[in-house]
Amino acid sequence: MDLRTVNELLAGSVGGAAQVLVGQPLDTIKTRAQIAPKGMFKGPMDILVQTLRKEGFLALYKGMASPLIGIAGVNSLLFAAYGASKRIISPFPQLSLKETAAAGALAGAVNAVLASPVEMFKVRMQGQYGAKDDKRLRDIAKEMWTKWGFRKGVMRGYWVTVAREIPAYAGFYTAFEYSKRRFGTKYGQQLPVWALLASGSTGGLAYWLSSYPLDVIKSRIQLRPTPPSGTPVQYIAHEFKAIIAESGFAGLFRGLTPSLIRSIPAAGATFAAFEITRGSFQVLSLDQ
């Protein structure tokens, strides 16, 4: 395997762990805003208050085991796929922003293979509200596998995840590279950590603005008690119509505010951890 790919896999896992540790509380609020029954909460702040009052602080990290284990792998795959996509698209190290968007879209499509099951388990954990019969991650995993199998259970929501990841990561990497290059014109190749954090935050904002309303649709499909029926286009369209019928057009953007707030520290930490770790591995490789 190309040493660059190995480097990206290792650095991506560190970036993924940083993302989960920093962003999980707001991710829980975002997911509950998307999937909670109508009228259960008044808004993101009410979700926070009720969660803390009824379930305690650690409830904000509910479902973290799945992403903490999985997102490390997901980000490893994502950053390695992005690096490989860049090398496929152009032999030159500096891609145009259009080429960057294409590489990000391709990486997003590859990334969905792992992102879909990881997020499905996370959503189902976060969709529990502290009742006595709440299930552990291992129980949910066992139930989805034994009752529905791999395709309809573990991989439920795969195609809507693919549809979300393609535009989301095109926006993610394009915004990151644009911001990074703008900072580079002033600070040179070795950007200060705050500039990496700011560039990553810009990428995170672009990710969420590009992924809505498909992220809401994905969460609802993955939380369903039974698998969706019909083709992916049919069940995505059906869920789209159901959301509008229940909550109007605004329902398609439930959870966007906490998503955008979360993206600033979480994506910033992801990219900063990735870039710093990758740079460290490159130095170690040169020293050997």
# chains A, B, ... in the order shown; residues from 1 in each chain; ligands from 1

$ select_by_dssp --residues "range 23-271 of chain A" --states "alpha helix (DSSP H)" --output "PyMOL selection string"
chain A and resi 23-35+44-55+65-89+97-126+137-149+158-187+193-211+214-223+232-247+256-271

$ residues_around --residues "range 234-241 of chain A" --least-positions-apart "2" --cutoff "8 Å" --atoms "only C-alpha atoms" --output "VMD selection string"
chain A and resid 160 217 220 to 221 228 to 232 243 to 245 252

$ residues_around --residues "range 141-154 of chain A" --least-positions-apart "4" --cutoff "8 Å" --atoms "only C-alpha atoms" --output "list in words"
Pro117, Met120, Phe121, Leu137 and Pro227 of chain A

$ write_last_selection --atoms "N, CA and C atoms" --output "PDB file, in the first residue's frame"
ATOM      1  N   PRO A 117     -23.742   2.225   8.514  1.00  0.00           N
ATOM      2  CA  PRO A 117     -24.040   1.438   9.716  1.00  0.00           C
ATOM      3  C   PRO A 117     -23.656   2.138  11.012  1.00  0.00           C
ATOM      4  N   MET A 120     -26.382   4.576  11.711  1.00  0.00           N
ATOM      5  CA  MET A 120     -27.639   3.894  12.025  1.00  0.00           C
ATOM      6  C   MET A 120     -27.677   3.481  13.497  1.00  0.00           C
ATOM      7  N   PHE A 121     -26.585   2.887  13.990  1.00  0.00           N
ATOM      8  CA  PHE A 121     -26.540   2.492  15.400  1.00  0.00           C
ATOM      9  C   PHE A 121     -26.573   3.717  16.312  1.00  0.00           C
ATOM     10  N   LEU A 137     -26.003  -0.661  23.132  1.00  0.00           N
ATOM     11  CA  LEU A 137     -25.553  -0.747  21.741  1.00  0.00           C
ATOM     12  C   LEU A 137     -25.486  -2.190  21.263  1.00  0.00           C
ATOM     13  N   PRO A 227     -37.928  -1.850   7.885  1.00  0.00           N
ATOM     14  CA  PRO A 227     -37.183  -1.324   6.745  1.00  0.00           C
ATOM     15  C   PRO A 227     -38.100  -0.575   5.781  1.00  0.00           C
TER      16      PRO A 227
END

$ closest_residue --among "A:Tyr61, A:Trp194, A:Phe249, A:Tyr212" --to "Met125 in chain A" --atoms "only C-alpha atoms"
A:Tyr61
